[in-house]
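Structure file query_32.csv; described as CSV, C-alpha atoms (C1' of nucleotides).
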chain,number,residue,atom,x,y,z
A,105,MET,CA,0.0,0.0,0.0
A,106,ALA,CA,2.6,2.5,1.1
A,107,LEU,CA,5.1,3.7,-1.5
A,108,GLU,CA,8.8,3.7,-0.7
A,109,PHE,CA,9.3,7.2,-1.8
A,110,ASP,CA,7.4,10.5,-1.8
A,111,PRO,CA,5.6,10.9,-5.1
A,112,VAL,CA,5.9,14.6,-4.9
A,113,GLU,CA,9.7,14.5,-4.4
A,114,GLU,CA,10.0,12.0,-7.2
A,115,ALA,CA,8.0,14.2,-9.5
A,116,ALA,CA,10.2,17.2,-8.6
A,117,ARG,CA,13.3,15.2,-9.5
A,118,ASN,CA,11.9,14.3,-12.8
A,119,TRP,CA,10.8,17.8,-13.6
A,120,ARG,CA,14.3,19.2,-12.7
A,121,ARG,CA,16.0,16.5,-14.8
A,122,HIS,CA,14.0,17.5,-17.8
A,123,ARG,CA,14.4,21.2,-17.1
A,124,TRP,CA,10.7,21.7,-16.9
A,125,PRO,CA,9.6,25.0,-15.4
A,126,ALA,CA,7.9,26.0,-12.1
A,127,VAL,CA,9.1,23.0,-10.1
A,128,PRO,CA,8.0,24.4,-6.7
A,129,ALA,CA,4.6,25.3,-8.0
A,130,MET,CA,4.2,21.9,-9.5
A,131,ALA,CA,5.1,20.3,-6.1
A,132,ALA,CA,2.5,22.4,-4.4
A,133,ALA,CA,-0.1,21.7,-6.9
A,134,THR,CA,0.6,18.0,-6.7
A,135,SER,CA,0.4,18.1,-2.9
A,136,ILE,CA,-2.9,19.8,-3.0
A,137,THR,CA,-4.3,17.3,-5.5
A,138,ARG,CA,-3.2,14.4,-3.5
A,139,ALA,CA,-4.3,15.8,-0.2
A,140,HIS,CA,-7.7,16.5,-1.6
A,141,GLN,CA,-8.0,12.9,-2.9
A,142,VAL,CA,-7.1,11.4,0.4
A,143,LEU,CA,-9.4,13.7,2.3
A,144,LEU,CA,-12.4,13.2,0.0
A,145,ARG,CA,-12.1,9.4,0.3
A,146,ARG,CA,-12.0,9.5,4.0
A,147,ILE,CA,-14.8,11.9,4.4
A,148,ASP,CA,-17.1,10.1,1.9
A,149,GLU,CA,-16.3,6.9,3.7
A,150,ALA,CA,-17.4,8.4,7.0
A,151,LEU,CA,-20.6,9.7,5.4
A,152,ALA,CA,-21.5,6.6,3.5
A,153,PRO,CA,-23.4,5.1,6.5
A,154,PHE,CA,-25.7,8.1,6.3
A,155,GLY,CA,-26.3,7.8,2.6
A,156,LEU,CA,-24.5,11.1,2.1
A,157,THR,CA,-21.5,12.3,0.1
A,158,PHE,CA,-19.4,15.3,1.0
A,159,SER,CA,-21.1,17.6,-1.5
A,160,ARG,CA,-24.6,16.6,-0.4
A,161,PHE,CA,-23.5,17.0,3.2
A,162,GLU,CA,-22.2,20.5,2.5
A,163,ALA,CA,-25.5,21.5,0.9
A,164,LEU,CA,-27.5,20.1,3.7
A,165,ALA,CA,-25.3,21.8,6.3
A,166,LEU,CA,-25.7,25.1,4.5
A,167,LEU,CA,-29.5,24.8,4.6
A,168,HIS,CA,-29.4,23.8,8.2
A,169,PHE,CA,-27.5,26.9,9.1
A,170,SER,CA,-29.7,29.2,7.1
A,171,ARG,CA,-32.2,31.4,8.9
A,172,ARG,CA,-35.3,29.9,7.4
A,173,GLY,CA,-33.9,26.5,6.6
A,174,ALA,CA,-34.3,27.3,2.9
A,175,LEU,CA,-32.4,29.0,0.2
A,176,PRO,CA,-32.8,29.7,-3.5
A,177,LEU,CA,-30.8,27.2,-5.5
A,178,GLY,CA,-28.7,29.9,-7.0
A,179,LYS,CA,-27.7,31.0,-3.5
A,180,VAL,CA,-26.6,27.5,-2.7
A,181,GLY,CA,-24.4,27.4,-5.7
A,182,GLU,CA,-22.8,30.7,-4.9
A,183,ARG,CA,-22.0,29.7,-1.3
A,184,LEU,CA,-20.7,26.3,-2.1
A,185,GLN,CA,-18.9,27.7,-5.2
A,186,VAL,CA,-20.3,25.1,-7.5
A,187,HIS,CA,-21.9,25.2,-10.9
A,188,PRO,CA,-25.7,25.6,-11.2
A,189,ALA,CA,-26.0,22.2,-12.8
A,190,SER,CA,-24.2,20.6,-9.8
A,191,VAL,CA,-26.7,22.2,-7.5
A,192,THR,CA,-29.6,20.8,-9.5
A,193,ASN,CA,-27.9,17.4,-9.3
A,194,THR,CA,-27.2,17.6,-5.6
A,195,VAL,CA,-30.7,18.8,-4.7
A,196,ASP,CA,-32.2,16.1,-6.8
A,197,ARG,CA,-30.5,13.5,-4.8
A,198,LEU,CA,-31.3,15.1,-1.4
A,199,GLU,CA,-34.9,15.5,-2.4
A,200,ARG,CA,-35.0,11.9,-3.6
A,201,ASP,CA,-33.9,10.9,-0.1
A,202,GLY,CA,-36.4,13.2,1.6
A,203,LEU,CA,-33.8,15.4,3.2
A,204,VAL,CA,-34.8,18.5,1.3
A,205,ARG,CA,-37.9,19.7,-0.5
A,206,ARG,CA,-38.1,22.1,-3.4
A,207,GLN,CA,-40.5,25.0,-2.9
A,208,PRO,CA,-41.6,27.8,-5.2
A,209,HIS,CA,-39.9,31.1,-4.3
A,210,PRO,CA,-42.6,33.3,-2.9
A,211,ASP,CA,-41.6,36.4,-4.8
A,212,ASP,CA,-39.9,35.2,-7.9
A,213,ARG,CA,-41.5,32.5,-10.0
A,214,ARG,CA,-38.3,31.8,-11.8
A,215,ALA,CA,-36.5,30.8,-8.6
A,216,THR,CA,-36.8,27.6,-6.5
A,217,LEU,CA,-36.1,27.2,-2.8
A,218,ALA,CA,-34.4,24.1,-1.4
A,219,ALA,CA,-35.9,23.6,2.1
A,220,ILE,CA,-34.4,21.2,4.6
A,221,THR,CA,-36.8,18.7,6.1
A,222,ASP,CA,-36.8,17.6,9.7
A,223,GLU,CA,-35.4,14.4,8.6
A,224,GLY,CA,-32.6,16.3,6.9
A,225,ARG,CA,-31.8,18.3,10.0
A,226,ASP,CA,-31.6,15.1,12.1
A,227,LEU,CA,-29.4,13.4,9.6
A,228,VAL,CA,-27.0,16.3,9.1
A,229,GLU,CA,-26.5,16.6,12.9
A,230,ARG,CA,-25.5,13.0,13.1
A,231,ALA,CA,-23.3,13.2,10.1
A,232,ALA,CA,-21.5,16.2,11.4
A,233,LYS,CA,-20.7,14.2,14.6
A,234,ALA,CA,-19.3,11.4,12.5
A,235,LEU,CA,-17.1,13.8,10.6
A,236,GLY,CA,-15.8,15.2,13.8
A,237,ALA,CA,-15.0,11.8,15.0
A,238,ILE,CA,-12.6,11.2,12.2
A,239,ASP,CA,-11.3,14.8,12.4
A,240,PHE,CA,-12.5,15.4,8.8
A,241,GLY,CA,-10.0,12.9,7.5
A,242,LEU,CA,-7.2,15.0,9.0
A,243,ALA,CA,-6.5,13.1,12.1
A,244,GLY,CA,-2.8,13.0,12.3
A,245,ASP,CA,-0.9,10.5,14.4
A,246,ALA,CA,0.7,12.9,16.7
A,247,ASP,CA,3.9,10.8,16.9
A,248,VAL,CA,4.3,10.1,13.2
A,249,ALA,CA,3.0,13.2,11.5
A,250,PRO,CA,0.9,15.7,13.4
A,251,VAL,CA,-1.4,17.7,11.2
A,252,ASP,CA,-1.3,21.5,11.8
A,253,HIS,CA,-4.8,22.6,10.7
A,254,ARG,CA,-4.0,26.3,11.0
A,255,ALA,CA,-0.8,26.0,8.9
A,256,ILE,CA,-2.9,24.4,6.2
A,257,VAL,CA,-5.5,27.1,6.2
A,258,ALA,CA,-2.8,29.8,6.3
A,259,ALA,CA,-0.7,28.3,3.4
A,260,LEU,CA,-3.8,27.9,1.2
A,261,ALA,CA,-5.4,31.3,2.0
A,262,PRO,CA,-3.4,33.2,-0.7
A,263,VAL,CA,-4.5,30.7,-3.3
A,264,ARG,CA,-8.2,31.2,-2.4
A,265,ARG,CA,-7.7,34.9,-2.1
A,266,ASN,CA,-6.1,35.1,-5.6
A,267,ALA,CA,-9.1,33.2,-6.9
A,268,GLY,CA,-11.4,35.9,-5.7
A,269,ASP,CA,-12.6,34.3,-2.5
A,270,PHE,CA,-12.9,37.0,0.2
B,246,MET,CA,-17.5,37.3,-8.7
B,247,ALA,CA,-15.7,37.9,-5.4
B,248,LEU,CA,-17.5,37.2,-2.2
B,249,GLU,CA,-17.5,39.7,0.5
B,250,PHE,CA,-16.5,37.3,3.2
B,251,ASP,CA,-14.2,34.3,3.5
B,252,PRO,CA,-16.3,31.1,3.1
B,253,VAL,CA,-14.0,29.2,5.3
B,254,GLU,CA,-14.4,31.7,8.1
B,255,GLU,CA,-18.1,31.8,7.6
B,256,ALA,CA,-18.3,28.1,7.8
B,257,ALA,CA,-16.2,28.0,11.0
B,258,ARG,CA,-18.6,30.5,12.6
B,259,ASN,CA,-21.6,28.4,11.8
B,260,TRP,CA,-19.9,25.3,13.1
B,261,ARG,CA,-19.1,26.9,16.3
B,262,ARG,CA,-22.5,28.4,16.7
B,263,HIS,CA,-24.0,24.9,16.4
B,264,ARG,CA,-21.4,23.4,18.6
B,265,TRP,CA,-20.3,21.0,15.9
B,266,PRO,CA,-17.0,19.3,16.5
B,267,ALA,CA,-13.5,19.6,14.9
B,268,VAL,CA,-13.8,23.2,13.7
B,269,PRO,CA,-10.1,23.6,12.9
B,270,ALA,CA,-10.0,20.4,10.9
B,271,MET,CA,-13.2,21.4,9.1
B,272,ALA,CA,-11.6,24.7,8.1
B,273,ALA,CA,-8.5,22.9,6.8
B,274,ALA,CA,-10.5,20.4,4.9
B,275,THR,CA,-12.6,23.1,3.3
B,276,SER,CA,-9.5,25.1,2.4
B,277,ILE,CA,-8.0,22.1,0.7
B,278,THR,CA,-11.2,21.3,-1.2
B,279,ARG,CA,-11.5,24.9,-2.4
B,280,ALA,CA,-7.9,25.2,-3.3
B,281,HIS,CA,-8.1,22.0,-5.3
B,282,GLN,CA,-11.1,23.2,-7.2
B,283,VAL,CA,-9.4,26.5,-8.1
B,284,LEU,CA,-6.3,24.8,-9.2
B,285,LEU,CA,-7.9,22.2,-11.3
B,286,ARG,CA,-9.9,24.7,-13.2
B,287,ARG,CA,-6.9,26.8,-14.0
B,288,ILE,CA,-4.7,23.9,-15.0
B,289,ASP,CA,-7.3,22.3,-17.2
B,290,GLU,CA,-7.9,25.7,-18.8
B,291,ALA,CA,-4.2,26.0,-19.6
B,292,LEU,CA,-4.2,22.4,-21.0
B,293,ALA,CA,-7.3,22.7,-23.0
B,294,PRO,CA,-5.5,24.1,-26.1
B,295,PHE,CA,-3.5,20.9,-26.2
B,296,GLY,CA,-6.5,18.7,-25.9
B,297,LEU,CA,-5.4,17.5,-22.5
B,298,THR,CA,-6.8,17.4,-19.0
B,299,PHE,CA,-4.7,17.3,-15.9
B,300,SER,CA,-5.0,13.6,-15.4
B,301,ARG,CA,-4.2,12.9,-19.0
B,302,PHE,CA,-1.2,15.2,-18.7
B,303,GLU,CA,0.0,13.5,-15.6
B,304,ALA,CA,-0.1,10.1,-17.2
B,305,LEU,CA,1.7,11.3,-20.3
B,306,ALA,CA,4.4,13.0,-18.2
B,307,LEU,CA,4.9,9.8,-16.2
B,308,LEU,CA,5.4,7.8,-19.4
B,309,HIS,CA,7.7,10.5,-20.8
B,310,PHE,CA,9.9,10.3,-17.7
B,311,SER,CA,10.0,6.5,-17.7
B,312,ARG,CA,13.2,4.7,-18.9
B,313,ARG,CA,11.6,3.0,-21.9
B,314,GLY,CA,8.7,5.4,-22.5
B,315,ALA,CA,6.3,2.6,-21.5
B,316,LEU,CA,4.8,1.2,-18.3
B,317,PRO,CA,2.3,-1.5,-17.4
B,318,LEU,CA,-1.1,0.1,-16.7
B,319,GLY,CA,-1.0,-1.1,-13.2
B,320,LYS,CA,2.2,0.7,-12.6
B,321,VAL,CA,0.7,3.9,-13.9
B,322,GLY,CA,-2.2,3.6,-11.5
B,323,GLU,CA,0.1,3.0,-8.6
B,324,ARG,CA,2.3,6.0,-9.4
B,325,LEU,CA,-0.6,8.3,-10.0
B,326,GLN,CA,-2.5,6.9,-7.1
B,327,VAL,CA,-5.7,6.3,-9.1
B,328,HIS,CA,-8.0,3.4,-9.5
B,329,PRO,CA,-7.4,0.8,-12.3
B,330,ALA,CA,-10.6,1.8,-14.0
B,331,SER,CA,-9.4,5.4,-14.2
B,332,VAL,CA,-6.2,4.3,-15.8
B,333,THR,CA,-8.2,2.4,-18.4
B,334,ASN,CA,-10.2,5.4,-19.1
B,335,THR,CA,-7.3,7.8,-19.3
B,336,VAL,CA,-5.2,5.5,-21.5
B,337,ASP,CA,-8.3,5.0,-23.8
B,338,ARG,CA,-8.4,8.8,-24.4
B,339,LEU,CA,-4.7,9.2,-24.9
B,340,GLU,CA,-4.7,6.3,-27.3
B,341,ARG,CA,-7.6,7.8,-29.1
B,342,ASP,CA,-5.6,10.9,-29.7
B,343,GLY,CA,-2.5,9.1,-30.8
B,344,LEU,CA,-0.4,10.1,-27.8
B,345,VAL,CA,0.0,6.6,-26.4
B,346,ARG,CA,-0.2,3.1,-27.8
B,347,ARG,CA,-1.1,0.0,-25.9
B,348,GLN,CA,1.4,-2.8,-26.3
B,349,PRO,CA,1.3,-6.4,-25.0
B,350,HIS,CA,3.6,-6.9,-22.1
B,351,PRO,CA,6.6,-9.1,-23.3
B,352,ASP,CA,6.6,-11.4,-20.3
B,353,ASP,CA,3.1,-11.3,-18.9
B,354,ARG,CA,0.2,-11.8,-21.2
B,355,ARG,CA,-2.2,-10.4,-18.6
B,356,ALA,CA,-0.5,-7.1,-18.5
B,357,THR,CA,-0.6,-4.3,-21.1
B,358,LEU,CA,2.0,-1.5,-21.6
B,359,ALA,CA,1.1,2.0,-22.3
B,360,ALA,CA,3.8,3.4,-24.6
B,361,ILE,CA,4.2,7.1,-25.3
B,362,THR,CA,4.4,8.0,-29.0
B,363,ASP,CA,6.6,10.7,-30.5
B,364,GLU,CA,3.6,12.8,-30.9
B,365,GLY,CA,2.9,12.3,-27.2
B,366,ARG,CA,6.4,13.4,-26.3
B,367,ASP,CA,6.2,16.5,-28.3
B,368,LEU,CA,2.8,17.5,-26.9
B,369,VAL,CA,3.7,16.9,-23.3
B,370,GLU,CA,6.8,19.0,-23.6
B,371,ARG,CA,4.7,21.9,-24.9
B,372,ALA,CA,2.0,21.4,-22.4
B,373,ALA,CA,4.5,21.4,-19.5
B,374,LYS,CA,5.8,24.8,-20.7
B,375,ALA,CA,2.2,26.1,-20.7
B,376,LEU,CA,1.7,24.9,-17.2
B,377,GLY,CA,4.9,26.6,-16.1
B,378,ALA,CA,3.7,29.8,-17.7
B,379,ILE,CA,0.7,29.9,-15.4
B,380,ASP,CA,2.8,28.7,-12.5
B,381,PHE,CA,0.4,25.7,-12.2
B,382,GLY,CA,-2.5,27.9,-11.3
B,383,LEU,CA,-0.6,29.0,-8.2
B,384,ALA,CA,0.7,32.3,-9.5
B,385,GLY,CA,0.2,34.7,-6.7
B,386,ASP,CA,0.0,38.4,-7.0
B,387,ALA,CA,3.1,39.3,-4.9
B,388,ASP,CA,1.4,42.5,-3.6
B,389,VAL,CA,-1.9,41.0,-2.8
B,390,ALA,CA,-1.3,37.5,-1.7
B,391,PRO,CA,2.0,35.9,-2.5
B,392,VAL,CA,1.8,32.1,-2.6
B,393,ASP,CA,4.4,30.2,-0.6
B,394,HIS,CA,4.8,26.9,-2.5
B,395,ARG,CA,7.1,25.4,0.1
B,396,ALA,CA,4.7,26.2,3.0
B,397,ILE,CA,1.9,24.5,1.1
B,398,VAL,CA,4.0,21.3,0.6
B,399,ALA,CA,5.1,21.4,4.2
B,400,ALA,CA,1.7,21.9,5.6
B,401,LEU,CA,0.2,19.1,3.5
B,402,ALA,CA,3.0,16.6,3.9
B,403,PRO,CA,1.7,15.1,7.2
B,404,VAL,CA,-1.7,14.5,5.5
B,405,ARG,CA,0.0,12.6,2.7
B,406,ARG,CA,2.2,10.8,5.1
B,407,ASN,CA,-0.7,9.6,7.3
B,408,ALA,CA,-2.3,8.3,4.1
B,409,GLY,CA,0.6,6.1,3.5
B,410,ASP,CA,2.4,8.1,0.9
B,411,PHE,CA,6.1,7.8,1.5
C,235,DG,C1',-47.3,49.0,-22.2
C,236,DG,C1',-44.1,46.5,-24.9
C,237,DC,C1',-39.8,44.5,-26.3
C,238,DG,C1',-35.1,43.2,-25.6
C,239,DT,C1',-32.0,41.7,-22.1
C,240,DT,C1',-30.9,39.4,-17.9
C,241,DT,C1',-31.6,36.0,-14.5
C,242,DG,C1',-32.8,31.2,-12.6
C,243,DC,C1',-33.0,26.6,-13.2
C,244,DT,C1',-32.9,22.3,-15.9
C,245,DT,C1',-31.2,19.4,-19.5
C,246,DT,C1',-27.7,17.2,-22.1
C,247,DG,C1',-23.2,15.8,-22.9
C,248,DA,C1',-18.2,15.3,-21.8
C,249,DC,C1',-15.0,14.0,-18.5
C,250,DG,C1',-13.1,12.3,-14.0
C,251,DT,C1',-13.4,9.2,-9.8
C,252,DC,C1',-14.4,4.9,-7.5
C,253,DA,C1',-16.4,0.1,-6.4
C,254,DA,C1',-17.7,-4.3,-7.8
C,255,DA,C1',-17.8,-8.0,-10.9
C,256,DC,C1',-15.7,-10.6,-14.6
C,257,DG,C1',-12.4,-13.2,-17.8
C,258,DA,C1',-7.7,-14.3,-18.7
C,259,DT,C1',-3.4,-15.4,-17.0
C,260,DC,C1',0.2,-16.2,-13.7
C,261,DT,C1',2.0,-18.3,-9.3
C,262,DC,C1',2.4,-21.0,-5.6
C,263,DG,C1',2.1,-25.2,-3.0
C,264,DC,C1',1.0,-29.9,-2.7
D,140,DG,C1',1.5,-31.3,-13.0
D,141,DC,C1',-2.5,-29.4,-11.4
D,142,DG,C1',-5.8,-26.9,-8.9
D,143,DA,C1',-6.6,-22.8,-5.7
D,144,DG,C1',-5.8,-18.3,-5.3
D,145,DA,C1',-3.7,-13.9,-6.6
D,146,DT,C1',-3.1,-10.4,-10.1
D,147,DC,C1',-4.1,-7.6,-14.5
D,148,DG,C1',-7.1,-5.1,-17.1
D,149,DT,C1',-11.8,-4.1,-18.6
D,150,DT,C1',-16.7,-3.3,-18.1
D,151,DT,C1',-20.6,-1.5,-15.9
D,152,DG,C1',-22.8,1.6,-12.9
D,153,DA,C1',-23.1,5.4,-9.5
D,154,DC,C1',-21.7,9.9,-8.5
D,155,DG,C1',-19.4,14.5,-9.0
D,156,DT,C1',-17.9,18.6,-11.9
D,157,DC,C1',-18.4,21.8,-15.7
D,158,DA,C1',-19.9,24.0,-20.2
D,159,DA,C1',-23.4,25.1,-23.3
D,160,DA,C1',-28.1,25.4,-24.7
D,161,DG,C1',-32.9,26.1,-23.8
D,162,DC,C1',-37.2,27.7,-21.4
D,163,DA,C1',-39.7,30.7,-18.3
D,164,DA,C1',-40.0,34.7,-15.8
D,165,DA,C1',-38.5,39.2,-14.3
D,166,DC,C1',-36.3,43.6,-15.3
D,167,DG,C1',-35.4,47.9,-17.6
D,168,DC,C1',-35.6,51.2,-20.8
D,169,DC,C1',-38.1,53.7,-24.2
Mind converting the file's structure to C-alpha cells?
Amino acid sequence: MALEFDPVEEAARNWRRHRWPAVPAMAAATSITRAHQVLLRRIDEALAPFGLTFSRFEALALLHFSRRGALPLGKVGERLQVHPASVTNTVDRLERDGLVRRQPHPDDRRATLAAITDEGRDLVERAAKALGAIDFGLAGDADVAPVDHRAIVAALAPVRRNAGDF
Amino acid sequence: MALEFDPVEEAARNWRRHRWPAVPAMAAATSITRAHQVLLRRIDEALAPFGLTFSRFEALALLHFSRRGALPLGKVGERLQVHPASVTNTVDRLERDGLVRRQPHPDDRRATLAAITDEGRDLVERAAKALGAIDFGLAGDADVAPVDHRAIVAALAPVRRNAGDF
DNA sequence: GGCGTTTGCTTTGACGTCAAACGATCTCGC
DNA sequence: GCGAGATCGTTTGACGTCAAAGCAAACGCC
C-alpha cells in the first residue's frame, strides 16, 4: 500500500531533470491534489453510512445553518462555489432521499427554494458528529505526523484569495 | 465574482454556533477542497488548447519520464494513485488521440503496456511549458497574496504521510 | 405597455473518480 | 503437473464537476 518514496519528491526530481519549469509550484499543486484525494475518500467513507456524500453534506449543512432552513438554488451554488448544474444534481438526490424539499420562491416564480426537512436536520447533525469523530480525514498520528490545521489554512489562504474568495 | 467574506471563516462561525466538532479540521478540509477546485480549473484551462486534461497530462508525463517510455497500466495507476478503472479510461483517451499506444507486455500476457508516441512526447513538452507559464495555477500576485509553495507542501506533507504516501 | 436583455434553473453531454464483478493469466504449493 | 488463489485489465454503474443550450419569468428602458 505505502510507496517507498514520496511521489511529490519523485516528480520534482523528474521535472528538474528534464528542465521543466515551475518546479516548486508543481510540487505544491501535486500536494494539494493528493491531499484532496485522500481527504475526500475518508470523508465520503465516514458519510456513507448516512447515505451522504461530502457535496450533499455541504449543501445540507448550508441549509441547516440558514435562517429559514431554505435558500434559492442559485444562492446555494454561490455559497458552495459550484456550478448551477451541480446544485440541480445535488438537490435532486437530497430530495429523492427526503432530506430536502423544493418549494416555489414566494416572490420570484423563476426561482426555487431548497428547504431542509426535519429528517434532513436530524441526519446532518448525526453526520457532522461522524465527521468530527474522524477529524475530517485530517486526524494525524501525533507521533508520526501531526497535522497542523492552522498551517494548512494559512498556506492555502493566498490561493483562495487570488481566486477571488474573500 | 468575489464574495464579501471568506467562506471558510463563515463556515467556521456556523460550526461553532451549532457546537459542531472539529472546527479547525473542518476549516483545513474546506480550504483544501476549495484550493483544489481553483487549481484544477486553472490547470485544465491551460491544458485545453492541447486537448489535454490534468489527469491525462500526468499520465503522459509519467510515461515520458520512464526509462523505456512505456509502463504497465497497473504501474501507472500505482504511481498516480488512481483506480485501475481510471487508468483504463485515461489511456483510452490518450490512445484515441494518438499520444499513447497499448502494447502487449513481453513477459506477462495479462499485462498491457502504455507506450508514449513521438507525438505524445512532443505534446507533453509543450503542455509542460504552458503549465509553467501559469505557475500551475498558483501564480500569486506578490502584492496582494504571495503564494508560498514550500509552505503548502510542508503543511500538507503530514496529511499525505498519514495516508501512507512515503 | 411592450420588447429586448438578464436571470434562474434544468437538461444534455463530456470527463473524472471509485467500487464491484468478470475473464484471462500467472503463481504457488502440494 | 495441477488446482486454488492472486493479479491484471476491462466493463458497468453510481456519483461528482463543468460548459453550453434552452425555457420561463423578471427587469429595464423607451
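The gap separating CA of Arg286 (chain B) from CA of Ala150 (chain A) is 27.0 Å, in Å to one decimal.
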Output as JSON lines one row per residue of region 250-319 of chain B within 12 Å of region 149-166 of chain D: the closest atom pair and its distance in Å to one decimal place, counting all atoms listed in the file, sorted by chain and residue number ascending.
{"residue": "B:Gln282", "atom": "CA", "partner": "D:DT156", "partner_atom": "C1'", "distance": 9.5}
{"residue": "B:Leu285", "atom": "CA", "partner": "D:DT156", "partner_atom": "C1'", "distance": 10.6}
{"residue": "B:Arg286", "atom": "CA", "partner": "D:DC157", "partner_atom": "C1'", "distance": 9.3}
{"residue": "B:Asp289", "atom": "CA", "partner": "D:DC157", "partner_atom": "C1'", "distance": 11.2}
{"residue": "B:Glu290", "atom": "CA", "partner": "D:DC157", "partner_atom": "C1'", "distance": 11.6}
{"residue": "B:Leu318", "atom": "CA", "partner": "D:DT149", "partner_atom": "C1'", "distance": 11.7}
Just need the residues of chain A within 12 Å of chain C, counting all atoms listed in the file, so spit them out as a PDB file with C-alpha atoms, keeping the file's coordinate frame.
ATOM      1  CA  GLN A 141      -8.000  12.900  -2.900  1.00  0.00           C
ATOM      2  CA  LEU A 144     -12.400  13.200   0.000  1.00  0.00           C
ATOM      3  CA  ARG A 145     -12.100   9.400   0.300  1.00  0.00           C
ATOM      4  CA  ASP A 148     -17.100  10.100   1.900  1.00  0.00           C
ATOM      5  CA  GLU A 149     -16.300   6.900   3.700  1.00  0.00           C
ATOM      6  CA  PRO A 176     -32.800  29.700  -3.500  1.00  0.00           C
ATOM      7  CA  LEU A 177     -30.800  27.200  -5.500  1.00  0.00           C
ATOM      8  CA  GLY A 178     -28.700  29.900  -7.000  1.00  0.00           C
ATOM      9  CA  LYS A 179     -27.700  31.000  -3.500  1.00  0.00           C
ATOM     10  CA  GLY A 181     -24.400  27.400  -5.700  1.00  0.00           C
ATOM     11  CA  HIS A 187     -21.900  25.200 -10.900  1.00  0.00           C
ATOM     12  CA  PRO A 188     -25.700  25.600 -11.200  1.00  0.00           C
ATOM     13  CA  ALA A 189     -26.000  22.200 -12.800  1.00  0.00           C
ATOM     14  CA  SER A 190     -24.200  20.600  -9.800  1.00  0.00           C
ATOM     15  CA  VAL A 191     -26.700  22.200  -7.500  1.00  0.00           C
ATOM     16  CA  THR A 192     -29.600  20.800  -9.500  1.00  0.00           C
ATOM     17  CA  ASN A 193     -27.900  17.400  -9.300  1.00  0.00           C
ATOM     18  CA  VAL A 195     -30.700  18.800  -4.700  1.00  0.00           C
ATOM     19  CA  ASP A 196     -32.200  16.100  -6.800  1.00  0.00           C
ATOM     20  CA  ARG A 206     -38.100  22.100  -3.400  1.00  0.00           C
ATOM     21  CA  PRO A 208     -41.600  27.800  -5.200  1.00  0.00           C
ATOM     22  CA  HIS A 209     -39.900  31.100  -4.300  1.00  0.00           C
ATOM     23  CA  ASP A 212     -39.900  35.200  -7.900  1.00  0.00           C
ATOM     24  CA  ARG A 213     -41.500  32.500 -10.000  1.00  0.00           C
ATOM     25  CA  ARG A 214     -38.300  31.800 -11.800  1.00  0.00           C
ATOM     26  CA  ALA A 215     -36.500  30.800  -8.600  1.00  0.00           C
ATOM     27  CA  THR A 216     -36.800  27.600  -6.500  1.00  0.00           C
ATOM     28  CA  LEU A 217     -36.100  27.200  -2.800  1.00  0.00           C
TER      29      LEU A 217
END
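Going from CA of Ala272 (chain B) to CA of Val253 (chain B) covers 5.8 Å.
Of note, CA of Asn259 (chain B) and CA of Asp245 (chain A) are spaced 27.5 Å apart.
With distances restricted to all atoms listed in the file, A:Val186 is the closest residue to chain D from A:Phe109, A:Val186, A:Leu166, A:Met130.
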Closest atom pairs, residues of chain B within 8 Å of chain A, only C-alpha atoms, as CSV:
residue,atom,partner,partner_atom,distance
B:Met246,CA,A:Gly268,CA,6.9
B:Ala247,CA,A:Gly268,CA,4.8
B:Leu248,CA,A:Phe270,CA,5.2
B:Glu249,CA,A:Phe270,CA,5.3
B:Phe250,CA,A:Phe270,CA,4.7
B:Asp251,CA,A:Phe270,CA,4.5
B:Pro252,CA,A:Arg183,CA,7.3
B:Asn259,CA,A:Phe169,CA,6.7
B:Trp265,CA,A:Ala232,CA,6.7
B:Pro266,CA,A:Gly236,CA,5.1
B:Ala267,CA,A:Gly236,CA,5.1
B:Pro269,CA,A:His253,CA,5.8
B:Ala270,CA,A:His253,CA,5.6
B:Met271,CA,A:Phe240,CA,6.0
B:Ala272,CA,A:Val257,CA,6.8
B:Ala273,CA,A:Val257,CA,5.2
B:Ala274,CA,A:Phe240,CA,6.6
B:Ser276,CA,A:Val257,CA,5.9
B:Ile277,CA,A:His140,CA,6.1
B:Thr278,CA,A:His140,CA,6.0
B:Arg279,CA,A:Arg264,CA,7.1
B:Ala280,CA,A:Arg264,CA,6.1
B:His281,CA,A:Thr137,CA,6.0
B:Val283,CA,A:Ala267,CA,6.8
B:Leu284,CA,A:Ala133,CA,7.3
B:Phe310,CA,A:Asn118,CA,6.6
B:Arg324,CA,A:Pro111,CA,7.3
B:Ala373,CA,A:Trp124,CA,6.7
B:Lys374,CA,A:Pro125,CA,6.5
B:Gly377,CA,A:Pro125,CA,5.0
B:Ala378,CA,A:Pro125,CA,7.9
B:Asp380,CA,A:Ala126,CA,5.8
B:Phe381,CA,A:Ala129,CA,6.0
B:Gly382,CA,A:Ala133,CA,8.0
B:Leu383,CA,A:Ala129,CA,6.4
B:Gly385,CA,A:Asn266,CA,6.4
B:Asp386,CA,A:Asn266,CA,7.1
B:Val389,CA,A:Asn266,CA,7.8
B:Ala390,CA,A:Pro262,CA,4.9
B:Pro391,CA,A:Pro262,CA,6.3
B:Val392,CA,A:Pro262,CA,5.6
B:Asp393,CA,A:Ala259,CA,6.8
B:His394,CA,A:Ala132,CA,5.4
B:Arg395,CA,A:Pro128,CA,6.9
B:Ala396,CA,A:Ala259,CA,5.8
B:Ile397,CA,A:Ala259,CA,5.1
B:Val398,CA,A:Ala132,CA,5.3
B:Ala400,CA,A:Ile256,CA,5.3
B:Leu401,CA,A:Ser135,CA,6.5
B:Ala402,CA,A:Ser135,CA,7.4
B:Pro403,CA,A:Ala249,CA,4.9
B:Val404,CA,A:Ala139,CA,6.4
B:Arg405,CA,A:Ala139,CA,6.1
B:Arg406,CA,A:Ala249,CA,6.9
B:Asn407,CA,A:Gly244,CA,6.4
B:Ala408,CA,A:Val142,CA,6.8
B:Gly409,CA,A:Ala106,CA,4.8
B:Asp410,CA,A:Ala106,CA,5.6
B:Phe411,CA,A:Asp110,CA,4.5
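Distances here use all atoms listed in the file; by that measure, the residue among A:Leu227, A:Ala219, A:Leu203, A:Leu156 closest to chain D is A:Leu156.
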